[in-house]
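**Q** Input file: final-v2.csv. Contents: CSV, C-alpha atoms and all ligand atoms.
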chain,number,residue,atom,x,y,z
A,321,LYS,CA,13.2,4.1,-14.8
A,322,SER,CA,11.7,0.7,-15.7
A,323,LYS,CA,10.8,-1.8,-13.1
A,324,THR,CA,13.3,-4.2,-14.5
A,325,GLU,CA,16.1,-1.6,-14.3
A,326,LEU,CA,15.2,-1.0,-10.6
A,327,LYS,CA,15.0,-4.7,-9.8
A,328,ASN,CA,18.3,-5.5,-11.4
A,329,ALA,CA,20.0,-2.6,-9.6
A,330,SER,CA,18.4,-3.7,-6.3
A,331,LYS,CA,19.7,-7.3,-6.7
A,332,PHE,CA,23.1,-6.0,-7.6
A,333,LEU,CA,23.2,-3.8,-4.5
A,334,SER,CA,22.0,-6.6,-2.3
A,335,TYR,CA,24.8,-8.8,-3.6
A,336,VAL,CA,27.7,-6.4,-3.2
A,337,LEU,CA,26.5,-4.7,0.0
A,338,ARG,CA,25.4,-7.8,1.9
A,339,HIS,CA,27.5,-10.6,0.5
A,340,CYS,CA,30.4,-10.0,-1.9
A,341,PRO,CA,31.8,-6.5,-2.1
A,342,GLU,CA,35.2,-7.9,-3.0
A,343,ASP,CA,33.7,-9.1,-6.3
A,344,ILE,CA,33.9,-5.5,-7.6
A,345,ASP,CA,36.8,-4.6,-5.3
A,346,LEU,CA,34.5,-2.4,-3.2
A,347,GLN,CA,35.5,-1.4,0.3
A,348,LEU,CA,32.8,-1.4,3.0
A,349,ASP,CA,33.7,0.2,6.3
A,350,SER,CA,33.2,-1.8,9.6
A,351,GLU,CA,29.6,-0.7,9.7
A,352,GLY,CA,28.8,-1.8,6.2
A,353,TRP,CA,28.8,1.6,4.4
A,354,ALA,CA,30.1,2.0,0.9
A,355,SER,CA,30.9,5.2,-0.9
A,356,ILE,CA,28.2,5.8,-3.5
A,357,SER,CA,30.7,7.3,-6.0
A,358,GLU,CA,33.1,4.4,-5.6
A,359,LEU,CA,30.2,1.9,-5.9
A,360,ILE,CA,29.1,3.6,-9.2
A,361,ALA,CA,32.6,3.5,-10.6
A,362,LYS,CA,33.4,-0.1,-9.6
A,363,ALA,CA,30.0,-1.4,-10.7
A,364,GLN,CA,30.9,-0.7,-14.3
A,365,PRO,CA,31.0,-2.5,-16.7
A,366,GLU,CA,28.9,-5.1,-14.9
A,367,ILE,CA,25.9,-2.7,-14.4
A,368,LYS,CA,25.5,1.0,-15.2
A,369,LEU,CA,24.4,2.7,-11.9
A,370,SER,CA,23.9,6.4,-11.4
A,371,GLU,CA,23.2,8.4,-8.3
A,372,SER,CA,19.6,8.9,-9.3
A,373,LEU,CA,19.1,5.2,-10.0
A,374,ILE,CA,20.5,4.3,-6.6
A,375,ILE,CA,18.3,6.8,-4.9
A,376,ASP,CA,15.2,5.5,-6.8
A,377,VAL,CA,16.1,1.9,-5.7
A,378,VAL,CA,16.4,3.1,-2.1
A,379,LEU,CA,13.1,4.9,-2.2
A,380,THR,CA,11.1,2.3,-4.1
A,381,SER,CA,12.4,-0.8,-2.2
A,382,ASP,CA,9.4,-2.6,-0.9
A,383,LYS,CA,11.4,-3.8,2.1
A,384,ARG,CA,13.5,-0.7,2.5
A,385,ARG,CA,16.6,-2.8,2.1
A,386,PHE,CA,19.1,0.1,1.9
A,387,LYS,CA,19.9,3.3,3.6
A,388,ILE,CA,21.7,6.4,2.4
A,389,SER,CA,23.8,8.2,5.0
A,390,ASP,CA,22.8,11.6,6.3
A,391,ASP,CA,25.5,13.3,4.2
A,392,GLY,CA,24.2,11.5,1.1
A,393,LEU,CA,27.6,10.1,0.3
A,394,LYS,CA,27.3,6.5,1.5
A,395,ILE,CA,24.9,3.6,1.3
A,396,ARG,CA,24.5,0.3,3.2
A,397,ALA,CA,22.1,-2.6,3.5
A,398,ASN,CA,19.8,-2.4,6.5
A,399,GLN,CA,20.0,-6.2,7.2
A,400,GLY,CA,20.6,-9.5,5.6
A,401,HIS,CA,24.4,-9.6,5.5
A,402,SER,CA,26.5,-12.7,5.4
A,403,ILE,CA,29.7,-10.6,5.7
A,404,ASP,CA,30.9,-9.4,9.0
A,405,VAL,CA,29.6,-5.8,9.6
A,406,ASP,CA,28.5,-4.0,12.7
A,407,LEU,CA,25.1,-2.5,12.2
A,408,ASN,CA,25.1,-1.1,15.7
A,409,LEU,CA,21.8,-2.6,16.4
A,410,THR,CA,20.3,-1.9,19.8
A,411,SER,CA,18.4,-4.7,21.5
A,412,LYS,CA,14.7,-4.2,21.8
A,413,LYS,CA,11.8,-6.0,23.6
A,414,PRO,CA,9.9,-7.9,20.9
A,415,PRO,CA,6.2,-8.1,20.4
A,416,SER,CA,4.9,-11.2,22.2
A,417,ILE,CA,4.4,-13.2,19.0
A,418,LEU,CA,6.6,-13.0,15.8
A,419,TYR,CA,6.4,-15.1,12.6
A,420,HIS,CA,8.9,-16.8,10.5
A,421,GLY,CA,8.2,-17.9,6.9
A,422,THR,CA,9.9,-20.9,5.5
A,423,ALA,CA,9.3,-23.7,3.0
A,424,THR,CA,7.5,-26.9,4.0
A,425,ARG,CA,10.5,-29.0,3.1
A,426,PHE,CA,12.5,-27.4,5.9
A,427,LEU,CA,9.9,-28.1,8.6
A,428,ASP,CA,11.2,-31.4,10.0
A,429,SER,CA,14.7,-30.1,10.3
A,430,ILE,CA,13.5,-26.8,11.9
A,431,LEU,CA,11.3,-28.6,14.5
A,432,ALA,CA,14.2,-30.8,15.3
A,433,GLN,CA,17.0,-28.2,15.5
A,434,GLY,CA,15.2,-24.9,15.9
A,435,LEU,CA,15.8,-22.0,13.5
A,436,VAL,CA,19.4,-21.2,12.8
A,437,SER,CA,20.8,-18.2,11.0
A,438,GLY,CA,22.8,-20.1,8.3
A,439,GLN,CA,24.8,-17.7,6.1
A,440,ARG,CA,23.3,-14.6,7.6
A,441,HIS,CA,24.0,-13.0,10.9
A,442,HIS,CA,20.5,-13.6,12.4
A,443,VAL,CA,17.3,-15.5,12.0
A,444,HIS,CA,14.8,-13.0,10.4
A,445,LEU,CA,11.3,-12.7,11.9
A,446,SER,CA,8.3,-10.6,10.9
A,447,THR,CA,5.4,-9.1,12.8
A,448,ASP,CA,2.8,-10.2,10.3
A,449,ILE,CA,1.8,-13.5,8.7
A,450,ALA,CA,1.6,-12.1,5.2
A,451,THR,CA,5.2,-10.9,5.2
A,452,ALA,CA,6.4,-14.2,6.6
A,453,SER,CA,4.5,-16.1,4.0
A,454,SER,CA,6.1,-14.2,1.2
A,455,VAL,CA,9.5,-14.7,2.7
A,456,GLY,CA,8.9,-18.5,2.9
A,457,GLN,CA,7.7,-18.6,-0.7
A,458,ARG,CA,11.2,-17.9,-1.9
A,459,TYR,CA,12.2,-21.4,-1.1
A,460,GLY,CA,9.1,-23.4,-2.1
A,461,LYS,CA,5.6,-24.1,-0.7
A,462,PRO,CA,5.5,-21.6,2.2
A,463,ILE,CA,4.6,-22.3,5.7
A,464,VAL,CA,4.4,-19.8,8.6
A,465,LEU,CA,5.8,-20.6,12.0
A,466,LYS,CA,4.7,-18.8,15.1
A,467,ILE,CA,7.4,-17.8,17.5
A,468,ASP,CA,6.8,-17.3,21.2
A,469,SER,CA,9.0,-14.3,21.4
A,470,ALA,CA,7.7,-13.2,24.8
A,471,SER,CA,8.9,-16.4,26.4
A,472,MET,CA,12.2,-16.2,24.5
A,473,ALA,CA,12.8,-12.7,25.7
A,474,ALA,CA,11.9,-13.7,29.2
A,475,GLN,CA,14.4,-16.5,29.0
A,476,GLY,CA,17.2,-14.1,28.0
A,477,HIS,CA,17.2,-14.2,24.2
A,478,THR,CA,18.2,-10.8,22.8
A,479,PHE,CA,16.1,-9.4,19.9
A,480,PHE,CA,17.1,-6.6,17.6
A,481,LEU,CA,14.9,-4.5,15.2
A,482,SER,CA,16.6,-3.5,12.0
A,483,ASP,CA,16.1,-0.1,10.4
A,484,ASN,CA,13.6,-1.7,8.0
A,485,SER,CA,11.6,-3.3,10.7
A,486,VAL,CA,12.8,-6.8,10.5
A,487,TRP,CA,13.1,-8.6,13.9
A,488,LEU,CA,16.4,-10.3,14.3
A,489,VAL,CA,17.6,-13.0,16.8
A,490,ASP,CA,20.6,-15.3,16.9
A,491,SER,CA,18.6,-18.5,16.9
A,492,VAL,CA,15.2,-19.9,17.9
A,493,PRO,CA,15.1,-23.1,19.9
A,494,ALA,CA,12.4,-25.5,18.8
A,495,THR,CA,10.5,-25.2,22.0
A,496,PHE,CA,9.4,-21.7,21.0
A,497,ILE,CA,8.2,-22.7,17.6
A,498,SER,CA,4.7,-23.8,16.6
A,499,VAL,CA,3.1,-24.1,13.2
A,500,GLU,CA,0.7,-21.2,12.6
B,1,LIG,C1,15.7,-22.0,6.9
B,1,LIG,C2,14.8,-11.7,2.5
B,1,LIG,C3,16.4,-26.2,7.9
B,1,LIG,C4,14.9,-20.7,7.1
B,1,LIG,C5,13.6,-12.0,3.3
B,1,LIG,C6,15.0,-20.1,5.7
B,1,LIG,C7,14.1,-11.9,4.7
B,1,LIG,C8,16.3,-24.0,8.3
B,1,LIG,C9,16.4,-20.6,5.2
B,1,LIG,C10,15.5,-12.2,4.6
B,1,LIG,C11,16.7,-24.1,9.6
B,1,LIG,C12,17.4,-19.5,5.4
B,1,LIG,C13,15.9,-13.5,5.2
B,1,LIG,C14,16.9,-25.5,10.1
B,1,LIG,C15,16.4,-22.0,9.3
B,1,LIG,N1,16.8,-26.5,9.2
B,1,LIG,N2,16.2,-25.0,7.4
B,1,LIG,N3,17.3,-25.8,11.3
B,1,LIG,N4,16.8,-22.9,10.3
B,1,LIG,N5,16.1,-22.6,8.1
B,1,LIG,O1,17.4,-16.5,3.0
B,1,LIG,O2,14.6,-15.8,6.7
B,1,LIG,O3,14.4,-9.9,-0.1
B,1,LIG,O4,19.0,-16.9,5.0
B,1,LIG,O5,13.6,-21.0,7.4
B,1,LIG,O6,12.5,-11.1,3.1
B,1,LIG,O7,14.4,-16.8,4.4
B,1,LIG,O8,16.7,-10.6,0.6
B,1,LIG,O9,16.6,-16.4,5.5
B,1,LIG,O10,14.1,-20.6,4.8
B,1,LIG,O11,13.9,-10.7,5.4
B,1,LIG,O12,15.8,-8.4,1.3
B,1,LIG,O13,16.8,-21.6,6.1
B,1,LIG,O14,15.8,-12.2,3.2
B,1,LIG,O15,14.9,-10.3,2.3
B,1,LIG,O16,17.2,-18.5,4.3
B,1,LIG,O17,15.2,-14.5,4.6
B,1,LIG,P1,17.6,-17.0,4.4
B,1,LIG,P2,15.1,-16.0,5.3
B,1,LIG,P3,15.5,-9.8,0.9
Could you show the structure in this file as structure tokens?
Ligand code: HQG

**A**
Amino acid sequence: KSKTELKNASKFLSYVLRHCPEDIDLQLDSEGWASISELIAKAQPEIKLSESLIIDVVLTSDKRRFKISDDGLKIRANQGHSIDVDLNLTSKKPPSILYHGTATRFLDSILAQGLVSGQRHHVHLSTDIATASSVGQRYGKPIVLKIDSASMAAQGHTFFLSDNSVWLVDSVPATFISVE
């Protein structure tokens, strides 16, 4: 399969599994799972998916965005949803420092209000600067913020680790943020 084919399928899966399943009349269960056969049927004629294409997208995804259920029948996104799904995330003690990549144009607002989750369920944080920088690049000139996650955890903020190793938290007050 070509890179373009994989990328288009990945973008389509992100869209329907994280944000708008109703656009193709797809049912997700309360934990965000969709039946793979139903997904393939309902994706047509918008995009031609097959089981092997979906498996290739899951296996080649740089960020491991999706997961196939143990029985092989269902798929869901590991994080990044704007729709209400319960991923059954368990809270976990974070590393003492985490990073958030954003665009320079958001900096003033972030330093005034802290990081907020916006459309998504959580603020997304990374363990490394390079990942954070590439996340920030999506919105403009990237800037990496350093988050004092140890102090946040000590003060009662709950952190979660997604299946694809993204750290998630409800919000980050400005006092815990510095420019890396
Ligand atoms: C910014 C991608 C102004 C925030 C990535 C970000 C990630 C504020 C944007 C995942 C703000 C939200 C999530 C405030 C936050 N004022 N701007 N107070 N608080 N922001 O896309 O973290 O490729 O919802 O800095 O890799 O960029 O889709 O979040 O710039 O893991 O799999 O508001 O999405 O993964 O943007 O990205 P997003 P994000 P995928």

**Q** Nearest to Ser469 in chain A: which of A:His441, A:His339, A:Arg425, A:Lys413 is it, counting only C-alpha atoms?

**A** A:Lys413

**Q** Which one is closest to Glu371 in chain A: A:Trp353, A:Ala329, A:Ser322, A:Cys340? Count all atoms listed in the file.

**A**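 Residue with the minimum atom-to-atom distance to Glu371 in chain A: A:Ala329.
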
**Q** Quick one: of A:Ile395, A:Ile367, A:Val436, A:Ile467, who's nearest to Val499 in chain A, counting all atoms listed in the file?

**A**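 Of A:Ile395, A:Ile367, A:Val436, A:Ile467, the one nearest Val499 in chain A, counting all atoms listed in the file, is A:Ile467.
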
**Q** Near range 384-393 of chain A, within 10 Å and counting only C-alpha atoms, which residues show up once chain neighbours fewer than 4 positions away are dropped, as a count of residues only?

**A** 25

**Q** How many Å lie between CA of Leu427 in chain A and CA of Ile497 in chain A, rounded to one decimal?

**A**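 Here the two named atoms are 10.6 Å from each other.
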
**Q** Give me, as JSON lines, the closest atom pair and its distance (Å, one decimal) for every residue of chain A within a cut-off of 8 Å of ligand LIG 1 (chain B), counting only C-alpha atoms and all ligand atoms, rows sorted by chain and rising number.

**A**
{"residue": "A:Ser334", "atom": "CA", "partner": "B:LIG1", "partner_atom": "O8", "distance": 7.2}
{"residue": "A:Lys383", "atom": "CA", "partner": "B:LIG1", "partner_atom": "O12", "distance": 6.4}
{"residue": "A:Arg385", "atom": "CA", "partner": "B:LIG1", "partner_atom": "O12", "distance": 5.7}
{"residue": "A:Gln399", "atom": "CA", "partner": "B:LIG1", "partner_atom": "O12", "distance": 7.6}
{"residue": "A:Gly400", "atom": "CA", "partner": "B:LIG1", "partner_atom": "C10", "distance": 5.9}
{"residue": "A:His420", "atom": "CA", "partner": "B:LIG1", "partner_atom": "O2", "distance": 6.9}
{"residue": "A:Gly421", "atom": "CA", "partner": "B:LIG1", "partner_atom": "O5", "distance": 6.2}
{"residue": "A:Thr422", "atom": "CA", "partner": "B:LIG1", "partner_atom": "O5", "distance": 4.2}
{"residue": "A:Ala423", "atom": "CA", "partner": "B:LIG1", "partner_atom": "O10", "distance": 6.0}
{"residue": "A:Phe426", "atom": "CA", "partner": "B:LIG1", "partner_atom": "C3", "distance": 4.5}
{"residue": "A:Leu427", "atom": "CA", "partner": "B:LIG1", "partner_atom": "C3", "distance": 6.8}
{"residue": "A:Asp428", "atom": "CA", "partner": "B:LIG1", "partner_atom": "N1", "distance": 7.5}
{"residue": "A:Ser429", "atom": "CA", "partner": "B:LIG1", "partner_atom": "N1", "distance": 4.3}
{"residue": "A:Ile430", "atom": "CA", "partner": "B:LIG1", "partner_atom": "N3", "distance": 4.0}
{"residue": "A:Leu431", "atom": "CA", "partner": "B:LIG1", "partner_atom": "N3", "distance": 7.4}
{"residue": "A:Ala432", "atom": "CA", "partner": "B:LIG1", "partner_atom": "N3", "distance": 7.1}
{"residue": "A:Gln433", "atom": "CA", "partner": "B:LIG1", "partner_atom": "N3", "distance": 4.8}
{"residue": "A:Gly434", "atom": "CA", "partner": "B:LIG1", "partner_atom": "N3", "distance": 5.1}
{"residue": "A:Leu435", "atom": "CA", "partner": "B:LIG1", "partner_atom": "N4", "distance": 3.5}
{"residue": "A:Val436", "atom": "CA", "partner": "B:LIG1", "partner_atom": "N4", "distance": 4.0}
{"residue": "A:Ser437", "atom": "CA", "partner": "B:LIG1", "partner_atom": "C15", "distance": 6.1}
{"residue": "A:Gly438", "atom": "CA", "partner": "B:LIG1", "partner_atom": "O4", "distance": 6.0}
{"residue": "A:Gln439", "atom": "CA", "partner": "B:LIG1", "partner_atom": "O4", "distance": 6.0}
{"residue": "A:Arg440", "atom": "CA", "partner": "B:LIG1", "partner_atom": "O4", "distance": 5.5}
{"residue": "A:Val443", "atom": "CA", "partner": "B:LIG1", "partner_atom": "O2", "distance": 6.0}
{"residue": "A:His444", "atom": "CA", "partner": "B:LIG1", "partner_atom": "O2", "distance": 4.6}
{"residue": "A:Leu445", "atom": "CA", "partner": "B:LIG1", "partner_atom": "O2", "distance": 6.9}
{"residue": "A:Ser446", "atom": "CA", "partner": "B:LIG1", "partner_atom": "O11", "distance": 7.8}
{"residue": "A:Thr451", "atom": "CA", "partner": "B:LIG1", "partner_atom": "O6", "distance": 7.6}
{"residue": "A:Ala452", "atom": "CA", "partner": "B:LIG1", "partner_atom": "O6", "distance": 7.7}
{"residue": "A:Ser454", "atom": "CA", "partner": "B:LIG1", "partner_atom": "O6", "distance": 7.4}
{"residue": "A:Val455", "atom": "CA", "partner": "B:LIG1", "partner_atom": "O6", "distance": 4.7}
{"residue": "A:Gly456", "atom": "CA", "partner": "B:LIG1", "partner_atom": "O10", "distance": 5.9}
{"residue": "A:Arg458", "atom": "CA", "partner": "B:LIG1", "partner_atom": "O7", "distance": 7.2}
{"residue": "A:Tyr459", "atom": "CA", "partner": "B:LIG1", "partner_atom": "O10", "distance": 6.2}
{"residue": "A:Val486", "atom": "CA", "partner": "B:LIG1", "partner_atom": "O11", "distance": 6.5}

**Q** So how many Å separate CA of Glu351 in chain A and CA of Val336 in chain A, to one decimal?

**A**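 Computing it gives 14.2 Å between the two atoms.
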
**Q** Please report the interatomic distance between CA of Pro415 in chain A and CA of Asp382 in chain A in Å with one decimal.

**A**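 Result for CA of Pro415 in chain A versus CA of Asp382 in chain A: 22.2 Å, one decimal.
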
**Q** Could the residues of range 352-438 of chain A that have an atom at most 8 Å from range 476-480 of chain A be listed as a Markdown table, each with its closest atom pair and the distance in Å to one decimal, counting all atoms listed in the file and ordered by chain and ascending residue number?

**A**
| residue | atom | partner | partner_atom | distance |
| --- | --- | --- | --- | --- |
| A:Leu409 | CA | A:Phe480 | CA | 6.3 |
| A:Thr410 | CA | A:Phe480 | CA | 6.1 |
| A:Ser411 | CA | A:Phe480 | CA | 4.5 |
| A:Lys412 | CA | A:Phe480 | CA | 5.4 |
| A:Lys413 | CA | A:Phe479 | CA | 6.6 |
| A:Pro414 | CA | A:Phe479 | CA | 6.5 |

**Q** Which polymer residues, protein or nucleic acid, are no farther than 10 Å from (31.7, 2.9, 9.4), counting all atoms listed in the file, as a PyMOL selection string?

**A** chain A and resi 348-354+394+396+405-408

**Q** Identify the residues around (-0.3, -15.7, 9.5) within a radius of 10 Å, measuring from only C-alpha atoms in the coordinates stated by the file, and give them as a list in words.

**A** Leu418, Tyr419, His420, Gly421, Thr447, Asp448, Ile449, Ala450, Thr451, Ala452, Ser453, Ile463, Val464, Leu465, Lys466, Val499 and Glu500 of chain A

**Q** Return range 350-386 of chain A, completed with N, CA and C atoms, as a short mmCIF file (atom, residue, chain, number, x, y, z; two decimals), in the frame of the given file.

**A**
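selection-v8.cif, written as the output of this step:
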data_model
loop_
_atom_site.label_atom_id
_atom_site.label_comp_id
_atom_site.auth_asym_id
_atom_site.auth_seq_id
_atom_site.Cartn_x
_atom_site.Cartn_y
_atom_site.Cartn_z
N SER A 350 33.57 -0.74 8.59
CA SER A 350 33.20 -1.80 9.60
C SER A 350 31.69 -1.80 9.83
N GLU A 351 31.02 -0.69 9.50
CA GLU A 351 29.60 -0.70 9.70
C GLU A 351 28.79 -0.93 8.42
N GLY A 352 29.50 -1.37 7.41
CA GLY A 352 28.80 -1.80 6.20
C GLY A 352 28.57 -0.71 5.15
N TRP A 353 29.10 0.49 5.39
CA TRP A 353 28.80 1.60 4.40
C TRP A 353 29.83 1.54 3.27
N ALA A 354 29.30 1.83 2.08
CA ALA A 354 30.10 2.00 0.90
C ALA A 354 29.97 3.40 0.35
N SER A 355 31.03 3.94 -0.21
CA SER A 355 30.90 5.20 -0.90
C SER A 355 30.10 5.07 -2.15
N ILE A 356 29.10 5.93 -2.34
CA ILE A 356 28.20 5.80 -3.50
C ILE A 356 29.03 6.06 -4.80
N SER A 357 29.93 7.03 -4.78
CA SER A 357 30.70 7.30 -6.00
C SER A 357 31.63 6.13 -6.36
N GLU A 358 32.24 5.55 -5.32
CA GLU A 358 33.10 4.40 -5.60
C GLU A 358 32.30 3.22 -6.09
N LEU A 359 31.12 3.02 -5.50
CA LEU A 359 30.20 1.90 -5.90
C LEU A 359 29.86 2.10 -7.41
N ILE A 360 29.48 3.32 -7.81
CA ILE A 360 29.10 3.60 -9.20
C ILE A 360 30.26 3.26 -10.14
N ALA A 361 31.45 3.73 -9.74
CA ALA A 361 32.60 3.50 -10.60
C ALA A 361 32.97 2.06 -10.71
N LYS A 362 32.92 1.34 -9.59
CA LYS A 362 33.40 -0.10 -9.60
C LYS A 362 32.32 -1.02 -10.15
N ALA A 363 31.06 -0.59 -10.18
CA ALA A 363 30.00 -1.40 -10.70
C ALA A 363 30.10 -1.58 -12.23
N GLN A 364 30.72 -0.61 -12.86
CA GLN A 364 30.90 -0.70 -14.30
C GLN A 364 32.02 -1.66 -14.60
N PRO A 365 32.01 -2.44 -15.64
CA PRO A 365 31.00 -2.50 -16.70
C PRO A 365 29.85 -3.45 -16.37
N GLU A 366 29.87 -4.07 -15.18
CA GLU A 366 28.90 -5.10 -14.90
C GLU A 366 27.44 -4.52 -14.95
N ILE A 367 27.26 -3.34 -14.36
CA ILE A 367 25.90 -2.70 -14.40
C ILE A 367 26.15 -1.20 -14.35
N LYS A 368 25.33 -0.48 -15.13
CA LYS A 368 25.50 1.00 -15.20
C LYS A 368 24.59 1.58 -14.08
N LEU A 369 25.20 2.02 -13.01
CA LEU A 369 24.40 2.70 -11.90
C LEU A 369 24.64 4.18 -12.06
N SER A 370 23.74 4.93 -11.47
CA SER A 370 23.90 6.40 -11.40
C SER A 370 23.39 6.76 -10.00
N GLU A 371 23.72 7.96 -9.58
CA GLU A 371 23.20 8.40 -8.30
C GLU A 371 21.70 8.37 -8.24
N SER A 372 21.09 8.84 -9.33
CA SER A 372 19.60 8.90 -9.30
C SER A 372 18.99 7.52 -9.33
N LEU A 373 19.62 6.57 -10.04
CA LEU A 373 19.10 5.20 -10.00
C LEU A 373 19.19 4.61 -8.63
N ILE A 374 20.34 4.82 -7.98
CA ILE A 374 20.50 4.30 -6.60
C ILE A 374 19.47 4.89 -5.67
N ILE A 375 19.26 6.19 -5.78
CA ILE A 375 18.30 6.80 -4.90
C ILE A 375 16.87 6.26 -5.17
N ASP A 376 16.55 6.04 -6.45
CA ASP A 376 15.20 5.50 -6.80
C ASP A 376 15.10 4.06 -6.21
N VAL A 377 16.17 3.27 -6.26
CA VAL A 377 16.10 1.90 -5.70
C VAL A 377 15.84 2.01 -4.19
N VAL A 378 16.55 2.91 -3.53
CA VAL A 378 16.40 3.10 -2.10
C VAL A 378 14.95 3.46 -1.76
N LEU A 379 14.42 4.42 -2.53
CA LEU A 379 13.10 4.90 -2.20
C LEU A 379 11.97 3.97 -2.60
N THR A 380 12.17 3.15 -3.62
CA THR A 380 11.10 2.30 -4.10
C THR A 380 11.19 0.87 -3.50
N SER A 381 12.26 0.57 -2.76
CA SER A 381 12.40 -0.80 -2.20
C SER A 381 11.27 -1.16 -1.31
N ASP A 382 10.54 -2.22 -1.69
CA ASP A 382 9.40 -2.60 -0.90
C ASP A 382 9.77 -2.93 0.55
N LYS A 383 10.97 -3.48 0.71
CA LYS A 383 11.40 -3.80 2.10
C LYS A 383 12.36 -2.85 2.67
N ARG A 384 12.51 -1.73 2.07
CA ARG A 384 13.50 -0.70 2.50
C ARG A 384 14.82 -1.36 2.87
N ARG A 385 15.35 -2.01 1.85
CA ARG A 385 16.60 -2.80 2.10
C ARG A 385 17.82 -1.96 2.33
N PHE A 386 17.84 -0.72 1.83
CA PHE A 386 19.10 0.10 1.90
C PHE A 386 18.85 1.42 2.54
#
